[in-house]
>>> print(open('model-v8.csv').read())   # CSV, C-alpha atoms
chain,number,residue,atom,x,y,z
A,5,MET,CA,-97.4,282.8,118.3
A,6,LEU,CA,-94.1,281.1,118.5
A,7,LEU,CA,-91.6,282.1,121.1
A,8,ARG,CA,-87.9,281.6,120.5
A,9,MET,CA,-86.1,280.5,123.6
A,10,ARG,CA,-82.4,281.1,123.9
A,11,PHE,CA,-80.4,278.5,125.6
A,12,ASN,CA,-77.7,279.7,128.1
A,13,SER,CA,-76.3,278.5,131.3
A,14,SER,CA,-79.1,280.1,133.4
A,15,ASN,CA,-82.0,278.1,131.8
A,16,LEU,CA,-80.2,274.8,131.4
A,17,SER,CA,-80.0,272.3,134.2
A,18,ILE,CA,-77.5,269.6,133.9
A,19,THR,CA,-77.9,266.6,136.3
A,20,ARG,CA,-74.6,264.8,136.9
A,21,ARG,CA,-74.6,261.2,137.7
A,22,THR,CA,-72.5,260.5,140.8
A,23,PRO,CA,-71.5,257.3,142.6
A,24,ILE,CA,-73.8,258.3,145.4
A,25,GLY,CA,-76.7,258.5,142.9
A,26,ALA,CA,-75.9,255.1,141.6
A,27,THR,CA,-75.8,253.6,145.0
A,28,ASP,CA,-79.1,255.3,145.9
A,29,PHE,CA,-80.6,253.7,142.7
A,30,LEU,CA,-79.3,250.3,143.7
A,31,ARG,CA,-80.6,250.6,147.2
A,32,ARG,CA,-84.2,251.1,145.9
A,33,ASP,CA,-84.3,247.5,144.6
A,34,ASP,CA,-84.2,244.8,147.2
A,35,LYS,CA,-82.3,242.3,145.0
A,36,MET,CA,-79.7,245.0,144.0
A,37,ALA,CA,-79.4,246.3,147.5
A,38,ALA,CA,-78.3,242.8,148.7
A,39,LEU,CA,-75.3,243.1,146.3
A,40,LEU,CA,-74.1,246.4,147.5
A,41,PRO,CA,-72.0,245.1,150.5
A,42,ALA,CA,-70.2,242.6,148.2
A,43,ILE,CA,-69.6,245.3,145.6
A,44,GLU,CA,-68.2,247.7,148.2
A,45,ARG,CA,-66.0,244.9,149.7
A,46,MET,CA,-64.6,244.0,146.3
A,47,ALA,CA,-63.9,247.7,145.5
A,48,SER,CA,-62.1,248.1,148.8
A,49,LEU,CA,-60.0,245.0,148.1
A,50,GLN,CA,-59.1,246.2,144.6
A,51,LYS,CA,-58.1,249.6,146.1
A,52,ASP,CA,-55.9,248.0,148.7
A,53,CYS,CA,-54.3,245.7,146.1
A,54,ALA,CA,-53.6,248.7,143.9
A,55,ALA,CA,-52.1,250.6,146.8
A,56,ALA,CA,-49.8,247.6,147.6
A,57,LEU,CA,-48.6,247.1,144.0
A,58,PRO,CA,-49.6,250.2,142.0
A,59,ALA,CA,-47.6,249.4,138.8
A,60,MET,CA,-48.9,245.8,138.7
A,61,PHE,CA,-52.6,246.5,139.4
A,62,LYS,CA,-52.9,249.0,136.7
A,63,TYR,CA,-53.9,246.1,134.4
A,64,CYS,CA,-55.2,243.6,137.0
A,65,GLU,CA,-58.7,242.9,138.2
A,66,ILE,CA,-60.1,240.9,141.1
A,67,LEU,CA,-62.3,238.1,139.9
A,68,ALA,CA,-63.2,236.6,143.2
A,69,PHE,CA,-62.4,236.5,146.9
A,70,GLU,CA,-63.9,233.5,148.7
A,71,GLU,CA,-62.7,231.6,151.7
A,72,GLY,CA,-59.4,233.4,151.8
A,73,GLN,CA,-58.6,232.6,148.2
A,74,LEU,CA,-58.0,235.6,146.0
A,75,THR,CA,-58.4,235.1,142.2
A,76,LEU,CA,-56.9,237.8,140.0
A,77,SER,CA,-57.3,238.4,136.3
A,78,LEU,CA,-54.2,239.4,134.3
A,79,PRO,CA,-54.0,240.4,130.6
A,80,ASN,CA,-50.9,238.3,129.7
A,81,ALA,CA,-48.5,235.6,131.0
A,82,ALA,CA,-45.6,238.0,131.3
A,83,LEU,CA,-47.5,240.2,133.8
A,84,ALA,CA,-48.6,237.1,135.6
A,85,ALA,CA,-45.0,236.0,136.0
A,86,LYS,CA,-44.0,239.4,137.4
A,87,LEU,CA,-46.9,239.4,139.8
A,88,LYS,CA,-46.2,235.9,140.9
A,89,GLN,CA,-42.8,237.2,142.3
A,90,GLN,CA,-44.6,240.0,144.2
A,91,LEU,CA,-47.3,237.8,145.8
A,92,PRO,CA,-45.6,237.6,149.2
A,93,LYS,CA,-45.5,241.4,149.4
A,94,LEU,CA,-49.1,241.6,148.3
A,95,GLN,CA,-50.3,239.1,150.9
A,96,ASP,CA,-48.3,240.8,153.7
A,97,THR,CA,-49.7,244.2,152.8
A,98,LEU,CA,-53.3,242.9,152.6
A,99,ALA,CA,-52.9,241.1,155.9
A,100,ARG,CA,-51.8,244.4,157.5
A,101,ARG,CA,-54.9,246.0,156.1
A,102,GLY,CA,-57.2,243.3,157.6
A,103,TRP,CA,-57.7,241.0,154.7
A,104,GLN,CA,-57.1,237.3,155.4
A,105,VAL,CA,-55.7,236.1,152.1
A,106,HIS,CA,-54.5,232.5,152.4
A,107,GLY,CA,-53.8,232.0,148.7
A,108,VAL,CA,-53.7,233.8,145.4
A,109,LYS,CA,-54.7,232.3,142.1
A,110,LEU,CA,-53.7,234.0,138.8
A,111,LYS,CA,-55.8,233.7,135.6
A,112,VAL,CA,-54.6,235.1,132.3
A,113,GLN,CA,-57.5,236.5,130.4
A,114,MET,CA,-57.4,238.8,127.5
A,115,SER,CA,-60.4,240.9,128.7
A,116,LYS,CA,-59.1,244.2,127.6
A,117,PRO,CA,-56.1,245.2,125.5
A,118,ALA,CA,-53.3,246.3,127.7
A,119,GLU,CA,-50.5,248.4,126.3
A,120,ILE,CA,-47.8,247.7,128.8
A,121,LYS,CA,-44.8,249.0,126.8
A,122,GLU,CA,-43.9,252.6,127.4
A,123,GLN,CA,-44.0,254.9,124.5
A,124,MET,CA,-40.5,255.6,123.1
A,125,ARG,CA,-39.7,259.2,123.1
A,126,ALA,CA,-38.7,260.9,119.9
A,127,LEU,CA,-35.1,262.0,119.8
A,128,SER,CA,-34.2,265.2,118.0
A,129,LEU,CA,-30.8,266.4,117.0
A,130,THR,CA,-29.7,269.9,116.6
A,131,GLU,CA,-28.4,271.1,113.2
A,132,ALA,CA,-24.9,271.2,114.7
A,133,ALA,CA,-25.2,267.5,115.7
A,134,VAL,CA,-26.5,266.6,112.2
A,135,THR,CA,-23.6,268.5,110.6
A,136,ALA,CA,-21.1,266.7,112.9
A,137,PHE,CA,-22.5,263.3,111.9
A,138,ASP,CA,-22.3,264.3,108.2
A,139,GLU,CA,-18.7,265.3,108.6
A,140,LEU,CA,-17.9,262.1,110.5
A,141,GLY,CA,-19.4,260.1,107.6
A,142,ASP,CA,-17.2,262.0,105.2
A,143,ALA,CA,-14.1,261.7,107.4
A,144,LEU,CA,-14.2,257.9,108.0
A,145,GLU,CA,-11.9,255.9,105.8
A,146,ASP,CA,-13.8,254.1,103.0
A,147,THR,CA,-13.1,250.5,104.0
A,148,PRO,CA,-15.4,247.4,104.0
A,149,GLN,CA,-15.4,247.5,107.8
A,150,ASN,CA,-16.7,251.1,107.8
A,151,ALA,CA,-19.1,250.8,104.9
A,152,THR,CA,-22.1,249.9,107.1
A,153,LEU,CA,-21.3,252.7,109.6
A,154,ILE,CA,-20.9,255.3,106.8
A,155,ALA,CA,-24.2,254.2,105.2
A,156,ALA,CA,-26.0,254.5,108.5
A,157,LEU,CA,-24.6,257.9,109.1
A,158,LYS,CA,-25.5,259.1,105.7
A,159,ALA,CA,-29.1,257.7,106.1
A,160,MET,CA,-29.5,259.4,109.4
A,161,VAL,CA,-28.3,262.7,108.1
A,162,ALA,CA,-30.6,262.4,105.1
A,163,LYS,CA,-33.6,261.7,107.3
A,164,ARG,CA,-32.8,264.6,109.7
A,165,ARG,CA,-32.2,267.3,107.1
A,166,PRO,CA,-35.1,268.7,105.1
A,167,THR,CA,-34.6,268.4,101.4
>>> encode(input="model-v8.csv", output="structure tokens")
Amino acid sequence: MLLRMRFNSSNLSITRRTPIGATDFLRRDDKMAALLPAIERMASLQKDCAAALPAMFKYCEILAFEEGQLTLSLPNAALAAKLKQQLPKLQDTLARRGWQVHGVKLKVQMSKPAEIKEQMRALSLTEAAVTAFDELGDALEDTPQNATLIAALKAMVAKRRPT
């Protein structure tokens, strides 16, 4: 005899993986457990760097921190140039938080795609505005100097009005 079992929230148990569960797993293995202090130290340093320069560290990663030398990975040269200007502020902030950073080395590495440009917002015009631009295009004197402007106005009106 086959029994049908209905699944609902009372008879399903979902185990969620948490950071604590991951660290418990790593602590069970002696070799992995030896890495935990270094991992926690790097995570703490990354957090302090992100707090010092939040906009910059959105795309940056710490590669190494050895003997007071901090090595950072950046996705492009433009961001590296911007960060280079902010290095004194970063070093001062890290020093106040207890990190002894004597130098910072920047490495440009395309490890992950970084979309740094902000999305342009879509502009919308009311029907009254579209009508006003249409009337302006009709009212302008038809001269060679105005020809480009008139064509642009007509194109914009045509794009904004449903046909």
>>> atom_distance(input="model-v8.csv", atom1="CA of Leu87 (chain A)", atom2="CA of Met60 (chain A)")
6.8 Å
>>> closest_residue(input="model-v8.csv", among="A:Pro92, A:Phe69, A:Arg165, A:Leu57", to="Leu129 (chain A)", atoms="all atoms listed in the file")
A:Arg165
>>> atom_distance(input="model-v8.csv", atom1="CA of Arg45 (chain A)", atom2="CA of Ile66 (chain A)")
11.2 Å
>>> atom_distance(input="model-v8.csv", atom1="CA of Leu144 (chain A)", atom2="CA of Thr130 (chain A)")
21.4 Å
>>> closest_residue(input="model-v8.csv", among="A:Ala143, A:Ala159, A:Ala38, A:Met114", to="Leu78 (chain A)", atoms="all atoms listed in the file")
A:Met114
>>> closest_residue(input="model-v8.csv", among="A:Ala133, A:Val105, A:Leu98, A:Ile154", to="Glu71 (chain A)", atoms="all atoms listed in the file")
A:Val105
>>> residues_around(input="model-v8.csv", residues="Val161 (chain A)", least_positions_apart="6", cutoff="12 Å", atoms="only C-alpha atoms", output="number ranges by chain")
A: 128-142, 154-155, 167
>>> write_last_selection(input="model-v8.csv", atoms="C-alpha atoms", output="PDB file, keeping the file's coordinate frame")
ATOM      1  CA  SER A 128     -34.200 265.200 118.000  1.00  0.00           C
ATOM      2  CA  LEU A 129     -30.800 266.400 117.000  1.00  0.00           C
ATOM      3  CA  THR A 130     -29.700 269.900 116.600  1.00  0.00           C
ATOM      4  CA  GLU A 131     -28.400 271.100 113.200  1.00  0.00           C
ATOM      5  CA  ALA A 132     -24.900 271.200 114.700  1.00  0.00           C
ATOM      6  CA  ALA A 133     -25.200 267.500 115.700  1.00  0.00           C
ATOM      7  CA  VAL A 134     -26.500 266.600 112.200  1.00  0.00           C
ATOM      8  CA  THR A 135     -23.600 268.500 110.600  1.00  0.00           C
ATOM      9  CA  ALA A 136     -21.100 266.700 112.900  1.00  0.00           C
ATOM     10  CA  PHE A 137     -22.500 263.300 111.900  1.00  0.00           C
ATOM     11  CA  ASP A 138     -22.300 264.300 108.200  1.00  0.00           C
ATOM     12  CA  GLU A 139     -18.700 265.300 108.600  1.00  0.00           C
ATOM     13  CA  LEU A 140     -17.900 262.100 110.500  1.00  0.00           C
ATOM     14  CA  GLY A 141     -19.400 260.100 107.600  1.00  0.00           C
ATOM     15  CA  ASP A 142     -17.200 262.000 105.200  1.00  0.00           C
ATOM     16  CA  ILE A 154     -20.900 255.300 106.800  1.00  0.00           C
ATOM     17  CA  ALA A 155     -24.200 254.200 105.200  1.00  0.00           C
ATOM     18  CA  THR A 167     -34.600 268.400 101.400  1.00  0.00           C
TER      19      THR A 167
END
>>> closest_residue(input="model-v8.csv", among="A:Gln149, A:Gln123, A:Gln90, A:Gln50", to="Thr75 (chain A)", atoms="only C-alpha atoms")
A:Gln50
